[in-house]
file upload-v3.csv (CSV, C-alpha atoms)
chain,number,residue,atom,x,y,z
I,24,MET,CA,-9.0,-51.3,92.8
I,25,PRO,CA,-11.3,-52.4,95.7
I,26,THR,CA,-12.3,-49.7,98.2
I,27,LYS,CA,-10.9,-50.2,101.7
I,28,PRO,CA,-13.6,-50.9,104.2
I,29,PRO,CA,-14.2,-47.9,106.6
I,30,SER,CA,-12.8,-48.3,110.1
I,31,LEU,CA,-11.8,-46.0,113.0
I,32,ASP,CA,-10.7,-46.0,116.6
I,33,ALA,CA,-13.2,-45.8,119.4
I,34,CYS,CA,-13.7,-46.4,123.1
I,35,TYR,CA,-15.7,-49.4,124.3
I,36,TYR,CA,-17.6,-49.5,127.7
I,37,ASP,CA,-19.1,-52.7,128.9
I,38,GLY,CA,-21.8,-51.0,130.9
I,39,LEU,CA,-20.7,-52.7,134.1
I,40,SER,CA,-17.8,-50.5,135.0
I,41,SER,CA,-16.3,-47.2,134.1
I,42,ARG,CA,-13.3,-48.8,132.5
I,43,ARG,CA,-12.7,-47.6,128.9
I,44,ARG,CA,-11.3,-50.0,126.4
I,45,PRO,CA,-9.8,-49.0,123.1
I,46,VAL,CA,-11.3,-50.8,120.1
I,47,ARG,CA,-11.1,-50.6,116.3
I,48,LEU,CA,-14.5,-50.4,114.6
I,49,SER,CA,-15.2,-51.7,111.1
I,50,VAL,CA,-18.1,-53.1,109.1
I,51,ALA,CA,-18.3,-56.4,107.3
I,52,GLY,CA,-21.2,-58.6,106.1
I,53,GLY,CA,-23.9,-56.5,107.8
I,54,TYR,CA,-22.1,-56.5,111.2
I,55,LEU,CA,-20.3,-53.9,113.2
I,56,LEU,CA,-16.9,-55.4,114.2
I,57,LEU,CA,-15.1,-54.4,117.4
I,58,ASP,CA,-11.5,-55.5,117.7
I,59,GLY,CA,-9.3,-54.7,120.7
I,60,PRO,CA,-6.6,-55.9,123.0
I,61,ASP,CA,-9.1,-57.9,125.1
I,62,GLY,CA,-10.6,-59.6,122.0
I,63,GLY,CA,-13.3,-58.8,119.5
I,64,ARG,CA,-17.0,-59.2,119.0
I,65,SER,CA,-19.6,-58.4,116.3
I,66,VAL,CA,-23.0,-56.7,116.5
I,67,LEU,CA,-25.7,-56.9,113.9
I,68,ALA,CA,-25.9,-53.6,112.1
I,69,ALA,CA,-29.7,-53.4,112.6
I,70,ALA,CA,-29.1,-53.6,116.4
I,71,VAL,CA,-26.8,-50.5,116.5
I,72,ARG,CA,-28.4,-47.3,117.8
I,73,VAL,CA,-26.6,-44.1,117.1
I,74,SER,CA,-27.0,-40.9,119.1
I,75,GLU,CA,-27.7,-37.6,117.4
I,76,ALA,CA,-24.8,-35.3,116.6
I,77,HIS,CA,-24.3,-32.4,119.1
I,78,GLY,CA,-21.6,-30.0,118.1
I,79,THR,CA,-18.2,-31.7,118.2
I,80,ALA,CA,-19.0,-34.1,121.0
I,81,PRO,CA,-18.4,-37.8,120.4
I,82,ARG,CA,-21.3,-39.9,119.2
I,83,THR,CA,-22.5,-43.0,121.0
I,84,LEU,CA,-23.2,-46.3,119.4
I,85,ARG,CA,-25.4,-48.4,121.6
I,86,PHE,CA,-26.4,-52.0,121.1
I,87,ALA,CA,-30.1,-53.1,121.4
I,88,GLY,CA,-30.8,-55.0,124.5
I,89,GLU,CA,-27.4,-54.3,126.1
I,90,SER,CA,-25.9,-51.8,128.4
I,91,ALA,CA,-22.6,-51.8,126.5
I,92,PHE,CA,-21.8,-49.0,124.1
I,93,CYS,CA,-19.0,-47.3,122.1
I,94,GLU,CA,-18.0,-43.7,121.8
I,95,ALA,CA,-16.4,-42.4,118.6
I,96,GLY,CA,-15.3,-39.0,117.5
I,97,GLN,CA,-17.1,-37.2,114.8
I,98,GLY,CA,-15.6,-36.9,111.4
I,99,PRO,CA,-15.4,-38.4,107.8
I,100,ALA,CA,-14.3,-41.8,109.2
I,101,LEU,CA,-17.3,-42.1,111.4
I,102,ASP,CA,-19.6,-40.9,108.7
I,103,ALA,CA,-18.3,-43.5,106.3
I,104,LEU,CA,-18.6,-46.3,108.9
I,105,LEU,CA,-22.2,-45.3,109.7
I,106,SER,CA,-23.0,-45.2,106.0
I,107,ALA,CA,-21.6,-48.7,105.6
I,108,LEU,CA,-23.9,-49.8,108.5
I,109,GLY,CA,-26.8,-48.4,106.5
I,110,TYR,CA,-27.4,-45.7,109.1
I,111,ARG,CA,-28.6,-42.2,108.1
I,112,ASP,CA,-29.4,-39.3,110.4
I,113,GLY,CA,-33.1,-38.3,110.5
I,114,ILE,CA,-34.2,-35.2,108.5
I,115,ALA,CA,-34.4,-33.1,111.7
I,116,ALA,CA,-30.8,-34.0,112.6
I,117,ARG,CA,-29.6,-33.3,109.1
I,118,LEU,CA,-31.3,-29.9,109.0
I,119,GLN,CA,-29.9,-29.0,112.4
I,120,ASN,CA,-26.4,-29.4,111.0
I,121,ARG,CA,-27.0,-27.1,108.0
I,122,TRP,CA,-26.9,-23.5,109.1
I,123,ARG,CA,-29.1,-22.3,106.2
I,124,TRP,CA,-31.9,-24.7,107.1
I,125,ALA,CA,-31.4,-23.9,110.8
I,126,PHE,CA,-31.8,-20.2,110.0
I,127,VAL,CA,-34.9,-20.8,107.9
I,128,SER,CA,-36.4,-22.9,110.7
I,129,LEU,CA,-35.6,-20.3,113.3
I,130,ALA,CA,-37.0,-17.5,111.1
I,131,SER,CA,-40.2,-19.6,110.4
I,132,VAL,CA,-40.7,-20.1,114.1
I,133,GLY,CA,-40.2,-16.4,114.7
I,134,LEU,CA,-42.8,-15.5,112.1
I,135,VAL,CA,-45.3,-18.0,113.5
I,136,LEU,CA,-44.9,-16.5,117.0
I,137,LEU,CA,-45.1,-13.0,115.6
I,138,ALA,CA,-48.3,-13.8,113.7
I,139,ALA,CA,-49.7,-15.5,116.8
I,140,TYR,CA,-49.0,-12.4,118.8
I,141,LEU,CA,-50.2,-9.9,116.3
I,142,TYR,CA,-53.3,-11.7,115.0
I,143,GLY,CA,-54.0,-15.0,116.9
I,144,LEU,CA,-53.8,-13.5,120.4
I,145,PRO,CA,-56.1,-10.5,119.7
I,146,TRP,CA,-58.5,-12.8,117.9
I,147,GLY,CA,-58.6,-15.2,120.9
I,148,ALA,CA,-59.0,-12.3,123.3
I,149,ARG,CA,-61.9,-10.9,121.3
I,150,LEU,CA,-63.7,-14.3,121.6
I,151,ILE,CA,-63.0,-14.8,125.3
I,152,ALA,CA,-63.6,-11.2,126.5
I,153,PRO,CA,-67.5,-11.3,126.3
I,154,HIS,CA,-67.5,-14.4,128.5
I,155,VAL,CA,-65.4,-13.0,131.3
I,156,PRO,CA,-67.6,-12.2,134.3
I,157,ILE,CA,-67.6,-8.5,135.2
I,158,ALA,CA,-67.4,-9.5,138.9
I,159,ALA,CA,-64.0,-11.1,138.2
I,160,MET,CA,-62.8,-7.8,136.6
I,161,ARG,CA,-64.1,-5.7,139.5
I,162,SER,CA,-61.7,-7.0,142.1
I,163,LEU,CA,-58.8,-6.5,139.7
I,164,SER,CA,-59.9,-3.0,138.9
I,165,ASP,CA,-60.3,-2.1,142.6
I,166,GLU,CA,-56.8,-3.3,143.3
I,167,ALA,CA,-55.4,-1.3,140.3
I,168,LEU,CA,-57.2,1.8,141.5
I,169,ALA,CA,-55.9,1.3,145.0
I,170,GLN,CA,-52.4,1.2,143.7
I,171,LEU,CA,-53.0,4.3,141.6
I,172,ASP,CA,-54.4,6.1,144.6
I,173,LYS,CA,-51.3,5.1,146.6
I,174,TYR,CA,-48.7,6.2,144.2
I,175,LEU,CA,-50.1,8.5,141.5
I,176,LEU,CA,-53.5,9.9,142.3
I,177,LYS,CA,-54.8,12.5,144.7
I,178,PRO,CA,-58.3,13.4,145.9
I,179,THR,CA,-60.2,15.6,143.5
I,180,ALA,CA,-60.4,19.3,144.1
I,181,LEU,CA,-63.4,19.8,141.9
I,182,PRO,CA,-66.4,21.6,143.5
I,183,GLU,CA,-69.3,19.3,144.3
I,184,GLU,CA,-71.6,21.1,142.0
I,185,ARG,CA,-69.2,20.6,139.1
I,186,ARG,CA,-68.8,16.9,139.9
I,187,ARG,CA,-72.6,16.5,140.1
I,188,LYS,CA,-73.1,18.1,136.8
I,189,LEU,CA,-70.5,15.8,135.1
I,190,GLN,CA,-72.0,12.8,136.9
I,191,ASP,CA,-75.4,13.6,135.5
I,192,GLY,CA,-74.1,13.9,132.0
I,193,PHE,CA,-72.2,10.7,132.4
I,194,GLN,CA,-75.3,8.9,133.6
I,195,GLU,CA,-77.2,10.1,130.6
I,196,LEU,CA,-74.5,8.8,128.3
I,197,ALA,CA,-74.4,5.4,130.0
I,198,ALA,CA,-78.2,5.0,130.0
I,199,ALA,CA,-78.3,5.6,126.3
I,200,ASP,CA,-76.5,2.3,125.7
I,201,PRO,CA,-78.3,-0.8,127.0
I,202,ALA,CA,-75.2,-2.9,126.4
I,203,LEU,CA,-73.5,-1.1,129.3
I,204,ALA,CA,-76.1,-2.4,131.7
I,205,ARG,CA,-74.0,-5.6,132.1
I,206,TYR,CA,-71.6,-3.6,134.3
I,207,GLY,CA,-74.4,-2.9,136.8
I,208,ASP,CA,-73.4,-0.8,139.7
I,209,SER,CA,-69.7,-1.0,138.7
I,210,LEU,CA,-70.3,1.4,135.9
I,211,ALA,CA,-69.4,4.7,137.6
I,212,LEU,CA,-67.5,7.9,137.1
I,213,GLY,CA,-64.8,8.6,139.7
I,214,PHE,CA,-62.8,11.8,140.2
I,215,ARG,CA,-59.2,12.2,141.1
I,216,ALA,CA,-56.3,14.6,140.5
I,217,SER,CA,-52.7,14.0,139.5
I,218,PRO,CA,-50.3,16.7,138.4
I,219,ARG,CA,-47.8,14.0,137.7
I,220,ILE,CA,-50.0,12.2,135.2
I,221,GLY,CA,-51.6,15.3,133.7
I,222,PRO,CA,-54.8,15.6,131.7
I,223,ASN,CA,-56.2,12.1,131.6
I,224,ALA,CA,-59.3,9.9,131.7
I,225,PHE,CA,-59.2,6.1,131.6
I,226,ALA,CA,-61.5,3.1,131.9
I,227,LEU,CA,-60.8,0.2,134.2
I,228,PRO,CA,-62.0,-3.3,133.1
I,229,GLY,CA,-64.5,-3.6,135.9
I,230,GLY,CA,-66.5,-0.6,134.6
I,231,GLN,CA,-65.2,2.4,136.5
I,232,ILE,CA,-64.0,5.5,134.5
I,233,ILE,CA,-61.6,7.9,136.2
I,234,LEU,CA,-61.6,11.5,135.3
I,235,LEU,CA,-58.7,13.7,136.4
I,236,ASP,CA,-59.1,17.4,137.5
I,237,GLU,CA,-56.3,18.3,135.0
I,238,LEU,CA,-58.5,17.2,132.1
I,239,VAL,CA,-61.5,19.1,133.4
I,240,ALA,CA,-59.4,22.2,133.6
I,241,LEU,CA,-58.0,21.7,130.1
I,242,CYS,CA,-61.4,21.1,128.5
I,243,ASP,CA,-63.4,24.0,130.0
I,244,ASP,CA,-66.4,23.0,127.8
I,245,ASP,CA,-68.3,20.2,129.5
I,246,ALA,CA,-69.4,19.0,126.1
I,247,GLU,CA,-65.8,18.1,125.3
I,248,ILE,CA,-65.4,16.3,128.5
I,249,LEU,CA,-68.5,14.3,127.9
I,250,ALA,CA,-67.2,13.5,124.4
I,251,ILE,CA,-64.0,12.0,126.0
I,252,LEU,CA,-66.2,10.1,128.4
I,253,SER,CA,-68.2,8.7,125.4
I,254,HIS,CA,-64.9,7.5,124.0
I,255,GLU,CA,-64.1,5.7,127.3
I,256,LEU,CA,-67.5,4.2,127.4
I,257,GLY,CA,-66.7,2.9,123.9
I,258,HIS,CA,-63.7,1.0,125.4
I,259,LEU,CA,-66.1,-0.5,128.0
I,260,ASN,CA,-68.7,-1.4,125.4
I,261,LYS,CA,-66.1,-3.2,123.3
I,262,ARG,CA,-64.4,-4.7,126.4
I,263,HIS,CA,-61.1,-3.3,125.2
I,264,SER,CA,-59.5,-3.3,128.7
I,265,ILE,CA,-60.5,-6.9,129.3
I,266,ARG,CA,-59.1,-7.9,125.9
I,267,MET,CA,-55.8,-6.1,126.6
I,268,LEU,CA,-55.6,-7.7,130.0
I,269,ILE,CA,-56.2,-11.2,128.5
I,270,GLN,CA,-53.4,-10.6,126.0
I,271,SER,CA,-51.0,-9.3,128.6
I,272,SER,CA,-51.8,-12.2,130.9
I,273,VAL,CA,-51.1,-14.8,128.2
I,274,VAL,CA,-47.8,-13.1,127.3
I,275,ALA,CA,-46.9,-12.9,131.0
I,276,ALA,CA,-47.8,-16.5,131.6
I,277,ILE,CA,-45.7,-17.7,128.6
I,278,THR,CA,-42.8,-15.5,129.8
I,279,ALA,CA,-43.1,-17.0,133.3
I,280,VAL,CA,-43.0,-20.5,131.9
I,281,TRP,CA,-40.1,-19.7,129.6
I,282,PHE,CA,-38.0,-17.8,132.1
I,283,GLY,CA,-39.4,-19.2,135.4
I,284,ASP,CA,-40.1,-15.8,136.8
I,285,VAL,CA,-43.7,-15.7,138.2
I,286,SER,CA,-43.1,-12.4,139.9
I,287,TYR,CA,-42.4,-10.8,136.6
I,288,ALA,CA,-45.6,-12.3,135.2
I,289,ALA,CA,-47.6,-10.8,138.1
I,290,GLY,CA,-46.1,-7.4,137.5
I,291,VAL,CA,-47.0,-7.5,133.8
I,292,VAL,CA,-50.6,-8.4,134.6
I,293,GLY,CA,-50.9,-5.6,137.2
I,294,GLY,CA,-49.3,-3.1,134.8
I,295,ALA,CA,-51.8,-4.0,132.1
I,296,LEU,CA,-54.6,-2.7,134.3
I,297,LEU,CA,-52.8,0.7,134.5
I,298,ASN,CA,-51.9,0.9,130.8
I,299,SER,CA,-54.2,2.5,128.2
I,300,GLY,CA,-52.1,1.4,125.3
I,301,TYR,CA,-54.9,0.2,123.1
I,302,SER,CA,-54.3,-0.9,119.6
I,303,ARG,CA,-55.1,1.3,116.6
I,304,ASP,CA,-58.2,-0.7,115.8
I,305,MET,CA,-59.5,-0.4,119.4
I,306,GLU,CA,-59.0,3.4,119.3
I,307,ARG,CA,-60.8,3.6,116.1
I,308,GLU,CA,-63.7,1.5,117.5
I,309,ALA,CA,-63.9,3.7,120.6
I,310,ASP,CA,-63.8,6.9,118.4
I,311,ASP,CA,-66.6,5.6,116.2
I,312,TYR,CA,-68.6,4.6,119.2
I,313,ALA,CA,-68.2,8.1,120.7
I,314,ALA,CA,-69.0,9.8,117.4
I,315,GLY,CA,-72.2,7.7,117.0
I,316,MET,CA,-73.3,8.5,120.6
I,317,LEU,CA,-72.6,12.2,120.1
I,318,ARG,CA,-74.7,12.3,116.9
I,319,ARG,CA,-77.6,10.5,118.5
I,320,ARG,CA,-77.6,13.1,121.3
I,321,GLY,CA,-77.7,16.0,118.8
I,322,GLY,CA,-74.0,16.7,119.2
I,323,SER,CA,-71.1,16.5,116.8
I,324,PRO,CA,-68.0,14.2,116.6
I,325,ALA,CA,-66.1,17.5,116.2
I,326,LEU,CA,-66.4,17.9,120.0
I,327,LEU,CA,-64.2,14.8,120.5
I,328,ALA,CA,-61.8,16.1,117.8
I,329,SER,CA,-61.6,19.4,119.6
I,330,ALA,CA,-60.8,17.7,122.9
I,331,LEU,CA,-58.1,15.6,121.2
I,332,GLU,CA,-56.5,18.7,119.8
I,333,LYS,CA,-56.3,20.2,123.3
I,334,LEU,CA,-54.9,17.0,124.7
I,335,GLU,CA,-52.3,16.8,121.9
I,336,ALA,CA,-51.2,20.4,122.6
I,337,SER,CA,-50.9,19.6,126.3
I,338,HIS,CA,-48.9,16.5,125.5
I,339,LEU,CA,-46.5,18.3,123.3
I,340,ALA,CA,-46.1,21.1,126.0
I,341,ARG,CA,-45.4,18.5,128.7
I,342,ARG,CA,-42.9,16.7,126.5
I,343,ALA,CA,-41.1,19.9,125.8
I,344,GLU,CA,-41.0,20.7,129.5
I,345,LYS,CA,-39.6,17.3,130.2
I,346,GLU,CA,-36.8,17.8,127.6
I,347,ARG,CA,-35.9,21.1,129.2
I,348,ASP,CA,-35.5,19.4,132.6
I,349,GLU,CA,-31.7,19.1,132.8
I,350,ASP,CA,-31.9,16.8,135.8
I,351,GLY,CA,-34.2,14.4,134.1
I,352,LYS,CA,-36.5,14.2,137.1
I,353,SER,CA,-39.8,15.2,135.6
I,354,GLY,CA,-40.6,11.5,135.0
I,355,ARG,CA,-42.4,9.7,132.2
I,356,ILE,CA,-45.1,11.6,130.5
I,357,MET,CA,-48.3,9.7,131.2
I,358,ASP,CA,-51.0,11.9,129.7
I,359,TRP,CA,-54.1,10.6,128.0
I,360,LEU,CA,-52.4,10.6,124.5
I,361,SER,CA,-49.0,9.2,125.4
I,362,SER,CA,-50.0,5.7,124.3
I,363,HIS,CA,-52.8,6.5,121.8
I,364,PRO,CA,-51.6,6.1,118.2
I,365,ASP,CA,-52.0,8.6,115.4
I,366,THR,CA,-53.8,11.4,117.1
I,367,GLY,CA,-53.7,13.6,114.0
I,368,GLU,CA,-55.3,10.9,111.9
I,369,ARG,CA,-58.0,10.4,114.5
I,370,ILE,CA,-58.8,14.1,114.6
I,371,ARG,CA,-59.0,14.3,110.9
I,372,GLN,CA,-61.2,11.2,110.7
I,373,LEU,CA,-63.6,12.7,113.3
I,374,ARG,CA,-63.9,16.0,111.5
I,375,GLU,CA,-64.1,14.7,107.9
I,376,ASN,CA,-65.8,11.3,108.2
I,377,PRO,CA,-67.9,11.1,111.4
I,378,ALA,CA,-69.3,7.8,112.2
I,379,ALA,CA,-72.9,7.2,111.2
I,380,ASP,CA,-75.6,6.0,113.6

call {"tool": "encode", "arguments": {"input": "upload-v3.csv", "output": "structure tokens"}}
result
Amino acid sequence: MPTKPPSLDACYYDGLSSRRRPVRLSVAGGYLLLDGPDGGRSVLAAAVRVSEAHGTAPRTLRFAGESAFCEAGQGPALDALLSALGYRDGIAARLQNRWRWAFVSLASVGLVLLAAYLYGLPWGARLIAPHVPIAAMRSLSDEALAQLDKYLLKPTALPEERRRKLQDGFQELAAADPALARYGDSLALGFRASPRIGPNAFALPGGQIILLDELVALCDDDAEILAILSHELGHLNKRHSIRMLIQSSVVAAITAVWFGDVSYAAGVVGGALLNSGYSRDMEREADDYAAGMLRRRGGSPALLASALEKLEASHLARRAEKERDEDGKSGRIMDWLSSHPDTGERIRQLRENPAAD
């Protein structure tokens, strides 16, 4: 028994007006046939252009070189007619209509983006950071410090003699590493206080290291304070702050393009300057740098380990105090260890396997 040729009802538009004409579509002899109350016509199958499927919306059949077109509802009848015309959706369109393939594609894109974020972006930042002029970072660092002074930091209360002694020790540390000379006059130790932040020391990408009074009070041994400053000099030596800023800037720029929110991007970049959330590898590099510097100066990496233990104890105490605050007004804990990973592992590494020269 011969198979009945596929056909279906559709709407025809002549491209000259908005009038819709009912037609019956069928295929015969390599032509698409249109039959309707106003007459009929035929179009060579090769001249028919079919739109991609979008959900349940009708598909459009356009004719090469003409403004006329037809609209037909999706379904088995249209699929049979298109098959008779010799038309087949492209592989991308076919995959889009199969949820398993769509899921696999979406998951693949997600994995690629995750790999780019975890590995590609840090790799690129590592390559770019050495070529970023320090002068360009200096202005950003000054702006970040100005914001910190405005909202979080207070003038230091340390006696001038104590500050001078710590300054002298810091200068000796910095002079021991010729690579730090690229920071020029920007390489400096600044003093501030901040009960809200707590014991803290941090390096800005322009070369300035800020030491808080609370950390000086916590580490009554200046050798421990200099050990922490050695760690911060390690961040400067490896340009960790600049690398983190590059990564944050790229993420912010992509976010701004995606969501169209430039103000959000600016906020992320500014926040990156105030955030010491280095990666685990960066912390290990800075610890190794400090351990090597301490050994060369006749000290021991155990000094940094001891300082980290005190900071960890202070962090736990501040967190417990925050949890006891029934009103929840104590604010976010922002001490030196709040964003530094695996403090216990770092302490153990410094005590058991100190970095060699």

call {"tool": "closest_residue", "arguments": {"input": "upload-v3.csv", "among": "I:Gly230, I:Lys345, I:Gln270, I:Leu334", "to": "Trp146 of chain I", "atoms": "all atoms listed in the file"}}
result
I:Gln270

call {"tool": "atom_distance", "arguments": {"input": "upload-v3.csv", "atom1": "atom CA of His154 of chain I", "atom2": "atom CA of Ala202 of chain I"}}
result
14.0 Å

call {"tool": "residues_around", "arguments": {"input": "upload-v3.csv", "residues": "Ala211 of chain I", "least_positions_apart": "5", "cutoff": "12 Å", "atoms": "all atoms listed in the file", "output": "ChimeraX atom specification"}}
result
/I:161,189-198,203-204,206,225-234,252,255-256,259

call {"tool": "atom_distance", "arguments": {"input": "upload-v3.csv", "atom1": "atom CA of Cys93 of chain I", "atom2": "atom CA of Ala33 of chain I"}}
result
6.6 Å

call {"tool": "atom_distance", "arguments": {"input": "upload-v3.csv", "atom1": "atom CA of Asp102 of chain I", "atom2": "atom CA of Arg82 of chain I"}}
result
10.7 Å

call {"tool": "build_atoms", "arguments": {"input": "upload-v3.csv", "residues": "segment 178-203 of chain I", "atoms": "N, CA and C atoms", "output": "CSV table (one decimal), keeping the file's coordinate frame"}}
result
chain,number,residue,atom,x,y,z
I,178,PRO,N,-56.8,13.1,145.9
I,178,PRO,CA,-58.3,13.4,145.9
I,178,PRO,C,-58.6,14.6,145.0
I,179,THR,N,-59.8,14.5,144.4
I,179,THR,CA,-60.2,15.6,143.5
I,179,THR,C,-60.4,16.9,144.3
I,180,ALA,N,-60.2,18.0,143.6
I,180,ALA,CA,-60.4,19.3,144.1
I,180,ALA,C,-61.6,20.0,143.4
I,181,LEU,N,-62.3,19.3,142.6
I,181,LEU,CA,-63.4,19.8,141.9
I,181,LEU,C,-64.6,20.1,142.8
I,182,PRO,N,-65.2,21.3,142.7
I,182,PRO,CA,-66.4,21.6,143.5
I,182,PRO,C,-67.5,20.5,143.3
I,183,GLU,N,-68.2,20.3,144.4
I,183,GLU,CA,-69.3,19.3,144.3
I,183,GLU,C,-70.3,19.5,143.2
I,184,GLU,N,-70.6,20.8,143.0
I,184,GLU,CA,-71.6,21.1,142.0
I,184,GLU,C,-71.1,20.7,140.6
I,185,ARG,N,-69.8,21.0,140.4
I,185,ARG,CA,-69.2,20.6,139.1
I,185,ARG,C,-69.2,19.1,138.9
I,186,ARG,N,-68.8,18.4,139.9
I,186,ARG,CA,-68.8,16.9,139.9
I,186,ARG,C,-70.2,16.4,139.6
I,187,ARG,N,-71.2,16.9,140.3
I,187,ARG,CA,-72.6,16.5,140.1
I,187,ARG,C,-73.1,16.7,138.7
I,188,LYS,N,-72.7,17.8,138.1
I,188,LYS,CA,-73.1,18.1,136.8
I,188,LYS,C,-72.5,17.1,135.8
I,189,LEU,N,-71.2,16.8,136.0
I,189,LEU,CA,-70.5,15.8,135.1
I,189,LEU,C,-71.1,14.4,135.4
I,190,GLN,N,-71.4,14.1,136.6
I,190,GLN,CA,-72.0,12.8,136.9
I,190,GLN,C,-73.3,12.6,136.2
I,191,ASP,N,-74.1,13.7,136.2
I,191,ASP,CA,-75.4,13.6,135.5
I,191,ASP,C,-75.3,13.4,134.0
I,192,GLY,N,-74.3,14.1,133.4
I,192,GLY,CA,-74.1,13.9,132.0
I,192,GLY,C,-73.6,12.5,131.7
I,193,PHE,N,-72.7,12.0,132.6
I,193,PHE,CA,-72.2,10.7,132.4
I,193,PHE,C,-73.3,9.6,132.5
I,194,GLN,N,-74.2,9.8,133.5
I,194,GLN,CA,-75.3,8.9,133.6
I,194,GLN,C,-76.2,8.8,132.4
I,195,GLU,N,-76.4,10.0,131.8
I,195,GLU,CA,-77.2,10.1,130.6
I,195,GLU,C,-76.6,9.3,129.4
I,196,LEU,N,-75.2,9.5,129.3
I,196,LEU,CA,-74.5,8.8,128.3
I,196,LEU,C,-74.6,7.3,128.5
I,197,ALA,N,-74.4,6.8,129.7
I,197,ALA,CA,-74.4,5.4,130.0
I,197,ALA,C,-75.8,4.8,129.8
I,198,ALA,N,-76.8,5.6,130.2
I,198,ALA,CA,-78.2,5.0,130.0
I,198,ALA,C,-78.6,4.9,128.6
I,199,ALA,N,-77.9,5.6,127.7
I,199,ALA,CA,-78.3,5.6,126.3
I,199,ALA,C,-77.8,4.3,125.6
I,200,ASP,N,-77.0,3.5,126.2
I,200,ASP,CA,-76.5,2.3,125.7
I,200,ASP,C,-76.9,1.1,126.6
I,201,PRO,N,-77.9,0.3,126.2
I,201,PRO,CA,-78.3,-0.8,127.0
I,201,PRO,C,-77.2,-1.8,127.2
I,202,ALA,N,-76.3,-1.9,126.3
I,202,ALA,CA,-75.2,-2.9,126.4
I,202,ALA,C,-74.4,-2.7,127.6
I,203,LEU,N,-74.3,-1.5,128.1
I,203,LEU,CA,-73.5,-1.1,129.3
I,203,LEU,C,-74.1,-1.6,130.6
